[in-house]
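First the structure, in the form of structure tokens, and then the observations on it.
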Amino acid sequence: MKIHEYQAKLLLKEYDIPIQDGYVIENIGAAEETILKVKNKFKSKDVVVKAQIHAGGRGKGGGVKFCPNGDDALQSCQNILGMNLITHQTGPGGQLVQKVYITQAFDMAKEFYVGITMDRTTGKDVFMVSTEGGMEIEEVAKETPEKIIKVWIDPLEGFRSFQLAKLARGLNLEGSQYKQAVKILKKMYVCFKEKDISLLEINPLVETDNGEIIAIDAKMNFDSNAL
């Protein structure tokens, strides 16, 4: 089972993982009020409007728009809500956008990929990180596999501190950003195990211009038996 980005972020928020936050609308009549609500809460004139479908590649398909003002945000909501969004993961038929996520905007200095899934060939969870955030991990694996750092977590030993350190170092962060990343990676694995998740990806995890590490997008899949 897949869930929407906003739902995945709510789960991350439960584990004190910093997220790009916002509000979801299903009716265009709520757009103007919600845009104003996001701008006031996060004290910014910029917002991001995101289609909520169960597929990746939304940005390339026109389903994610950075909006420098309220008029642009309203226009983006009108364009995206109700559109048939086609991405490389939806297939040619696309998916109807029935929900739009209006979020705060960040100036991003660096983008990273972080993800956890079950490696069924080893019977272990595999935790992956890469400095090539914002790209599909399959593309990174194909073009620059050396940029993906992986650790396999033994179910009897758990997530070891040296494995955590290896992943955090793989993001090439220093100082307070390194410490923030360590906390996020550790909490991600707790979330992954406690919620019986089969795939947890944050792509991108970003370093903002003011040095914060934030989950900008999130993807979670669950085995239906785990519901």
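Residues are named by chain letter and number: chains run A, B, ... in the order of the structure tokens, numbers start at 1 in each chain, and ligands are numbered from 1 in the order shown.
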Fewer than 5 positions away in the same chain doesn't count, so skip those; otherwise give me all residues within 12 Å of Lys99 (chain A), counting only C-alpha atoms, as a list in words.
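Close residues of Lys99 (chain A): His4, Glu5, Tyr6, Gln7, Tyr23, Val24, Ile25, Glu26, Asn27, Ile28, Ala30, Ala31, Val49, Lys50, Ala51, Gln52, Ile53, His54, Gly63, Cys77, Gln78, Ile80, Leu81, Gly82, Met83, Asn84 and Leu85 of chain A.
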Interface rows for region 115-158 of chain A against region 189-206 of chain A: nearest pair, Å to one decimal, 9 Å, only C-alpha atoms, as a Markdown table:
| residue | atom | partner | partner_atom | distance |
| --- | --- | --- | --- | --- |
| A:Gly115 | CA | A:Glu201 | CA | 4.1 |
| A:Ile116 | CA | A:Leu200 | CA | 5.2 |
| A:Thr117 | CA | A:Leu199 | CA | 4.6 |
| A:Met118 | CA | A:Ser198 | CA | 6.3 |
| A:Phe127 | CA | A:Tyr189 | CA | 8.5 |
| A:Glu132 | CA | A:Pro204 | CA | 8.8 |
| A:Gly133 | CA | A:Pro204 | CA | 5.0 |
| A:Gly134 | CA | A:Pro204 | CA | 5.1 |
| A:Met135 | CA | A:Asn203 | CA | 7.8 |
| A:Glu136 | CA | A:Asn203 | CA | 8.4 |
| A:Ile137 | CA | A:Asn203 | CA | 8.9 |
Go ahead and write the residues just picked, all heavy atoms, as a PDB file, in the first residue's frame.
ATOM      1  N   GLY A 115      17.134   6.552   1.917  1.00  0.00           N
ATOM      2  CA  GLY A 115      16.054   5.591   1.784  1.00  0.00           C
ATOM      3  C   GLY A 115      16.361   4.276   2.477  1.00  0.00           C
ATOM      4  O   GLY A 115      17.526   3.896   2.631  1.00  0.00           O
ATOM      5  N   ILE A 116      15.298   3.598   2.896  1.00  0.00           N
ATOM      6  CA  ILE A 116      15.417   2.289   3.550  1.00  0.00           C
ATOM      7  C   ILE A 116      14.408   1.348   2.913  1.00  0.00           C
ATOM      8  O   ILE A 116      13.247   1.721   2.680  1.00  0.00           O
ATOM      9  CB  ILE A 116      15.103   2.360   5.061  1.00  0.00           C
ATOM     10  CG1 ILE A 116      15.742   3.567   5.727  1.00  0.00           C
ATOM     11  CG2 ILE A 116      15.547   1.065   5.758  1.00  0.00           C
ATOM     12  CD1 ILE A 116      15.211   3.838   7.133  1.00  0.00           C
ATOM     13  N   THR A 117      14.829   0.118   2.664  1.00  0.00           N
ATOM     14  CA  THR A 117      13.908  -0.910   2.200  1.00  0.00           C
ATOM     15  C   THR A 117      14.430  -2.266   2.642  1.00  0.00           C
ATOM     16  O   THR A 117      15.526  -2.369   3.203  1.00  0.00           O
ATOM     17  CB  THR A 117      13.718  -0.855   0.660  1.00  0.00           C
ATOM     18  OG1 THR A 117      12.625  -1.694   0.299  1.00  0.00           O
ATOM     19  CG2 THR A 117      14.973  -1.292  -0.074  1.00  0.00           C
ATOM     20  N   MET A 118      13.645  -3.285   2.402  1.00  0.00           N
ATOM     21  CA  MET A 118      14.060  -4.650   2.720  1.00  0.00           C
ATOM     22  C   MET A 118      14.769  -5.256   1.509  1.00  0.00           C
ATOM     23  O   MET A 118      14.249  -5.218   0.396  1.00  0.00           O
ATOM     24  CB  MET A 118      12.845  -5.501   3.092  1.00  0.00           C
ATOM     25  CG  MET A 118      13.079  -7.006   3.049  1.00  0.00           C
ATOM     26  SD  MET A 118      14.328  -7.613   4.182  1.00  0.00           S
ATOM     27  CE  MET A 118      13.375  -7.688   5.703  1.00  0.00           C
ATOM     28  N   PHE A 127      19.915   0.362   4.093  1.00  0.00           N
ATOM     29  CA  PHE A 127      19.783   1.814   4.270  1.00  0.00           C
ATOM     30  C   PHE A 127      20.745   2.458   3.278  1.00  0.00           C
ATOM     31  O   PHE A 127      21.935   2.155   3.263  1.00  0.00           O
ATOM     32  CB  PHE A 127      20.151   2.188   5.708  1.00  0.00           C
ATOM     33  CG  PHE A 127      19.535   3.466   6.215  1.00  0.00           C
ATOM     34  CD1 PHE A 127      19.147   3.582   7.548  1.00  0.00           C
ATOM     35  CD2 PHE A 127      19.349   4.563   5.389  1.00  0.00           C
ATOM     36  CE1 PHE A 127      18.578   4.758   8.040  1.00  0.00           C
ATOM     37  CE2 PHE A 127      18.791   5.744   5.862  1.00  0.00           C
ATOM     38  CZ  PHE A 127      18.401   5.840   7.196  1.00  0.00           C
ATOM     39  N   GLU A 132      23.369  12.703  -4.422  1.00  0.00           N
ATOM     40  CA  GLU A 132      22.653  13.038  -5.665  1.00  0.00           C
ATOM     41  C   GLU A 132      21.152  13.093  -5.410  1.00  0.00           C
ATOM     42  O   GLU A 132      20.377  12.352  -6.009  1.00  0.00           O
ATOM     43  CB  GLU A 132      22.977  12.017  -6.750  1.00  0.00           C
ATOM     44  CG  GLU A 132      24.454  11.889  -7.047  1.00  0.00           C
ATOM     45  CD  GLU A 132      25.078  13.214  -7.474  1.00  0.00           C
ATOM     46  OE1 GLU A 132      24.689  13.741  -8.531  1.00  0.00           O
ATOM     47  OE2 GLU A 132      25.947  13.708  -6.731  1.00  0.00           O
ATOM     48  N   GLY A 133      20.733  13.965  -4.512  1.00  0.00           N
ATOM     49  CA  GLY A 133      19.317  14.098  -4.198  1.00  0.00           C
ATOM     50  C   GLY A 133      18.540  14.746  -5.323  1.00  0.00           C
ATOM     51  O   GLY A 133      19.092  15.483  -6.149  1.00  0.00           O
ATOM     52  N   GLY A 134      17.236  14.461  -5.368  1.00  0.00           N
ATOM     53  CA  GLY A 134      16.376  15.030  -6.396  1.00  0.00           C
ATOM     54  C   GLY A 134      16.287  14.172  -7.631  1.00  0.00           C
ATOM     55  O   GLY A 134      15.400  14.349  -8.463  1.00  0.00           O
ATOM     56  N   MET A 135      17.227  13.214  -7.784  1.00  0.00           N
ATOM     57  CA  MET A 135      17.191  12.284  -8.916  1.00  0.00           C
ATOM     58  C   MET A 135      16.549  10.977  -8.480  1.00  0.00           C
ATOM     59  O   MET A 135      16.548  10.640  -7.300  1.00  0.00           O
ATOM     60  CB  MET A 135      18.607  11.993  -9.421  1.00  0.00           C
ATOM     61  CG  MET A 135      19.310  13.160 -10.085  1.00  0.00           C
ATOM     62  SD  MET A 135      20.970  12.699 -10.621  1.00  0.00           S
ATOM     63  CE  MET A 135      20.636  11.392 -11.810  1.00  0.00           C
ATOM     64  N   GLU A 136      16.019  10.233  -9.435  1.00  0.00           N
ATOM     65  CA  GLU A 136      15.541   8.889  -9.141  1.00  0.00           C
ATOM     66  C   GLU A 136      16.744   8.034  -8.761  1.00  0.00           C
ATOM     67  O   GLU A 136      17.774   8.073  -9.440  1.00  0.00           O
ATOM     68  CB  GLU A 136      14.831   8.297 -10.353  1.00  0.00           C
ATOM     69  CG  GLU A 136      13.556   9.017 -10.750  1.00  0.00           C
ATOM     70  CD  GLU A 136      12.458   8.870  -9.717  1.00  0.00           C
ATOM     71  OE1 GLU A 136      12.397   7.835  -9.048  1.00  0.00           O
ATOM     72  OE2 GLU A 136      11.653   9.814  -9.569  1.00  0.00           O
ATOM     73  N   ILE A 137      16.627   7.264  -7.691  1.00  0.00           N
ATOM     74  CA  ILE A 137      17.762   6.478  -7.215  1.00  0.00           C
ATOM     75  C   ILE A 137      18.195   5.453  -8.263  1.00  0.00           C
ATOM     76  O   ILE A 137      19.382   5.097  -8.348  1.00  0.00           O
ATOM     77  CB  ILE A 137      17.439   5.796  -5.860  1.00  0.00           C
ATOM     78  CG1 ILE A 137      18.718   5.312  -5.182  1.00  0.00           C
ATOM     79  CG2 ILE A 137      16.416   4.685  -6.045  1.00  0.00           C
ATOM     80  CD1 ILE A 137      19.694   6.403  -4.800  1.00  0.00           C
TER      81      ILE A 137
END
For Gln89 (chain A), find every residue with an atom within 9 Å (counting only C-alpha atoms), except residues of its own chain fewer than 6 positions away, and show them as a PyMOL selection string.
chain A and resi 54-57
Export of the given selection (N, CA, C and O atoms) as a PDB file, in the first residue's frame:
ATOM      1  N   HIS A  54      -0.136   8.825  -6.108  1.00  0.00           N
ATOM      2  CA  HIS A  54       0.734   7.730  -5.691  1.00  0.00           C
ATOM      3  C   HIS A  54       1.730   7.384  -6.796  1.00  0.00           C
ATOM      4  O   HIS A  54       1.731   6.285  -7.343  1.00  0.00           O
ATOM      5  N   ALA A  55       2.588   8.357  -7.133  1.00  0.00           N
ATOM      6  CA  ALA A  55       3.598   8.135  -8.166  1.00  0.00           C
ATOM      7  C   ALA A  55       4.671   9.199  -8.048  1.00  0.00           C
ATOM      8  O   ALA A  55       4.407  10.322  -7.608  1.00  0.00           O
ATOM      9  N   GLY A  56       5.892   8.838  -8.444  1.00  0.00           N
ATOM     10  CA  GLY A  56       6.987   9.785  -8.469  1.00  0.00           C
ATOM     11  C   GLY A  56       7.028  10.548  -9.784  1.00  0.00           C
ATOM     12  O   GLY A  56       6.228  10.311 -10.691  1.00  0.00           O
ATOM     13  N   GLY A  57       7.980  11.469  -9.889  1.00  0.00           N
ATOM     14  CA  GLY A  57       8.141  12.254 -11.101  1.00  0.00           C
ATOM     15  C   GLY A  57       7.118  13.351 -11.278  1.00  0.00           C
ATOM     16  O   GLY A  57       6.892  13.836 -12.394  1.00  0.00           O
TER      17      GLY A  57
END
Selected residue, from A:Asp21, A:Asp209, A:Glu146, A:Asp154, that lies nearest to Ile102 (chain A) when counting only C-alpha atoms
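The answer is A:Asp21, which sits nearest to Ile102 (chain A).
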For Asn172 (chain A), which of A:Ala141, A:Ala226, A:Met188, A:Val129 is the closest residue, counting only C-alpha atoms?
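Selected residue with least distance to Asn172 (chain A): A:Val129.
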List every residue of region 10-95 of chain A that DSSP, applied to the backbone, labels as strand (DSSP E or B), and write the result as a short mmCIF file (atom, residue, chain, number, x, y, z; two decimals) with N, CA and C atoms, in the first residue's frame.
data_model
loop_
_atom_site.label_atom_id
_atom_site.label_comp_id
_atom_site.auth_asym_id
_atom_site.auth_seq_id
_atom_site.Cartn_x
_atom_site.Cartn_y
_atom_site.Cartn_z
N ILE A 19 10.29 18.59 8.59
CA ILE A 19 9.67 18.45 7.28
C ILE A 19 9.31 19.81 6.69
N GLY A 22 2.84 21.97 5.53
CA GLY A 22 1.81 22.70 4.80
C GLY A 22 0.43 22.14 5.06
N TYR A 23 -0.49 22.44 4.17
CA TYR A 23 -1.88 22.01 4.32
C TYR A 23 -2.40 21.45 2.99
N VAL A 24 -3.33 20.51 3.09
CA VAL A 24 -3.90 19.85 1.92
C VAL A 24 -5.30 20.40 1.65
N ILE A 25 -5.60 20.58 0.37
CA ILE A 25 -6.96 20.96 -0.03
C ILE A 25 -7.47 19.95 -1.07
N VAL A 47 5.35 30.05 -1.70
CA VAL A 47 4.80 28.75 -1.33
C VAL A 47 5.07 27.76 -2.47
N VAL A 48 4.89 26.49 -2.18
CA VAL A 48 5.01 25.45 -3.21
C VAL A 48 3.68 24.71 -3.28
N VAL A 49 3.21 24.48 -4.49
CA VAL A 49 1.96 23.75 -4.71
C VAL A 49 2.30 22.39 -5.31
N LYS A 50 1.83 21.31 -4.65
CA LYS A 50 2.23 19.95 -5.04
C LYS A 50 1.02 19.05 -5.24
N ALA A 51 0.96 18.42 -6.40
CA ALA A 51 -0.06 17.40 -6.64
C ALA A 51 0.20 16.21 -5.73
N VAL A 64 4.31 19.94 -9.62
CA VAL A 64 4.92 20.66 -8.49
C VAL A 64 5.35 22.04 -8.99
N LYS A 65 4.85 23.08 -8.34
CA LYS A 65 5.16 24.44 -8.79
C LYS A 65 5.60 25.33 -7.62
N PHE A 66 6.76 25.97 -7.81
CA PHE A 66 7.19 27.02 -6.87
C PHE A 66 6.46 28.30 -7.24
N CYS A 67 5.88 28.95 -6.23
CA CYS A 67 5.05 30.12 -6.48
C CYS A 67 5.55 31.31 -5.65
N ASN A 84 -5.07 15.56 -15.03
CA ASN A 84 -4.63 14.18 -15.20
C ASN A 84 -3.11 14.22 -15.34
N LEU A 85 -2.43 13.83 -14.26
CA LEU A 85 -0.98 13.98 -14.20
C LEU A 85 -0.31 12.70 -14.71
N GLN A 95 -2.73 9.82 -13.63
CA GLN A 95 -3.58 9.74 -12.44
C GLN A 95 -4.27 11.09 -12.22
#
Which residues of region 123-184 of chain A come within 9 Å of region 210-217 of chain A, and for each one, what is the closest pair of atoms and their distance in Å to one decimal, counting only C-alpha atoms, sorted by chain and residue number, as a Markdown table?
| residue | atom | partner | partner_atom | distance |
| --- | --- | --- | --- | --- |
| A:Ser176 | CA | A:Gly211 | CA | 8.1 |
| A:Gln177 | CA | A:Gly211 | CA | 6.6 |
| A:Gln180 | CA | A:Ile213 | CA | 6.5 |
| A:Ala181 | CA | A:Ile213 | CA | 6.9 |
| A:Ile184 | CA | A:Ile213 | CA | 8.6 |
Can I get the selection written as a CSV table (one decimal), in the first residue's frame, with all heavy atoms?
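Saved as result.csv:
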chain,number,residue,atom,x,y,z
A,176,SER,N,27.2,21.2,12.6
A,176,SER,CA,25.8,21.0,13.0
A,176,SER,C,25.0,20.3,12.0
A,176,SER,O,24.1,19.5,12.4
A,176,SER,CB,25.2,22.4,13.4
A,176,SER,OG,25.1,23.1,12.2
A,177,GLN,N,25.3,20.4,10.7
A,177,GLN,CA,24.5,19.7,9.7
A,177,GLN,C,24.8,18.2,9.8
A,177,GLN,O,23.8,17.4,9.6
A,177,GLN,CB,24.9,20.2,8.3
A,177,GLN,CG,24.4,21.6,7.9
A,177,GLN,CD,25.1,22.7,8.7
A,177,GLN,OE1,26.4,22.6,8.8
A,177,GLN,NE2,24.4,23.7,9.1
A,180,GLN,N,22.7,17.0,12.7
A,180,GLN,CA,21.3,17.0,12.4
A,180,GLN,C,21.0,15.7,11.5
A,180,GLN,O,20.0,15.0,11.7
A,180,GLN,CB,20.9,18.2,11.5
A,180,GLN,CG,20.8,19.5,12.3
A,180,GLN,CD,20.5,20.7,11.4
A,180,GLN,OE1,19.5,20.8,10.8
A,180,GLN,NE2,21.5,21.6,11.3
A,181,ALA,N,21.9,15.4,10.6
A,181,ALA,CA,21.7,14.3,9.7
A,181,ALA,C,21.7,13.0,10.5
A,181,ALA,O,20.9,12.1,10.3
A,181,ALA,CB,22.7,14.2,8.6
A,184,ILE,N,18.4,12.5,12.2
A,184,ILE,CA,17.3,12.2,11.2
A,184,ILE,C,17.4,10.8,10.7
A,184,ILE,O,16.4,10.0,10.7
A,184,ILE,CB,17.4,13.2,10.0
A,184,ILE,CG1,16.9,14.6,10.4
A,184,ILE,CG2,16.5,12.7,8.8
A,184,ILE,CD1,17.1,15.7,9.4
Could you write out, as number ranges by chain, all the residues of region 22-114 of chain A that DSSP marks as helix (DSSP H, G or I)?
A: 28-42, 70-80
Between A:Phe162, A:Thr103, A:Lys187, A:Lys110, which one has atoms that come closest to Asn40 (chain A), using only C-alpha atoms?
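The answer is A:Thr103, which sits nearest to Asn40 (chain A).
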Using only C-alpha atoms, which of the listed residues (A:Pro68, A:Pro145, A:Gly93, A:Gly158) sits closest to Asp125 (chain A)?
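Under the stated criterion, the closest residue is A:Gly158.
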In Å, with one decimal, what is the gap from CA of Leu10 (chain A) to CA of Lys147 (chain A)?
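Value for the CA of Leu10 (chain A)-CA of Lys147 (chain A) distance: 29.2 Å.
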Could you jot down the CA of Asp16 (chain A) to CA of Leu185 (chain A) separation for me, Å, one decimal place?
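That distance, rounded to one decimal, is 11.3 Å.
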For Ala105 (chain A), which residue among A:Lys142, A:Lys60, A:Lys166, A:Lys41 is the nearest when counting only C-alpha atoms?
A:Lys41
Identify which of the residues A:Ile35, A:Met220, A:Gln104, A:Val97 lies closest to Gln75 (chain A), counting only C-alpha atoms when measuring atom-to-atom distances.
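For Gln75 (chain A), the nearest of the candidates is A:Ile35.
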Report the distance between CA of Gln163 (chain A) and CA of Arg120 (chain A) in Å, rounded to one decimal place.
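Result for CA of Gln163 (chain A) versus CA of Arg120 (chain A): 19.5 Å, one decimal.
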For Glu32 (chain A), please output as a list in words all residues within 8 Å (counting only C-alpha atoms; exclusion window: fewer than 3 positions along the same chain).
Gly29, Ile35, Leu36, Gly70 and Leu74 of chain A
Selection above as a file: all heavy atoms, as a compact mmCIF listing (two decimals), in the first residue's frame:
# COMPACT_ATOMS: atom_id res chain seq x y z
N GLY A 29 -12.15 25.93 -3.85
CA GLY A 29 -12.71 27.02 -3.03
C GLY A 29 -11.92 27.28 -1.76
O GLY A 29 -12.01 28.37 -1.19
N ILE A 35 -3.63 29.17 1.08
CA ILE A 35 -2.39 29.84 0.68
C ILE A 35 -2.02 30.91 1.70
O ILE A 35 -0.87 31.01 2.13
CB ILE A 35 -2.55 30.45 -0.73
CG1 ILE A 35 -2.66 29.34 -1.79
CG2 ILE A 35 -1.37 31.37 -1.05
CD1 ILE A 35 -3.20 29.82 -3.12
N LEU A 36 -3.00 31.72 2.08
CA LEU A 36 -2.76 32.77 3.07
C LEU A 36 -2.34 32.18 4.42
O LEU A 36 -1.45 32.69 5.10
CB LEU A 36 -4.03 33.62 3.23
CG LEU A 36 -3.91 34.88 4.11
CD1 LEU A 36 -2.87 35.83 3.55
CD2 LEU A 36 -5.27 35.57 4.22
N GLY A 70 0.98 34.97 -3.97
CA GLY A 70 -0.33 34.35 -3.81
C GLY A 70 -1.08 34.14 -5.11
O GLY A 70 -1.77 33.12 -5.27
N LEU A 74 -2.42 30.53 -6.42
CA LEU A 74 -3.83 30.26 -6.73
C LEU A 74 -3.97 29.70 -8.15
O LEU A 74 -4.71 28.74 -8.37
CB LEU A 74 -4.66 31.53 -6.57
CG LEU A 74 -6.17 31.39 -6.82
CD1 LEU A 74 -6.78 30.35 -5.89
CD2 LEU A 74 -6.86 32.74 -6.67
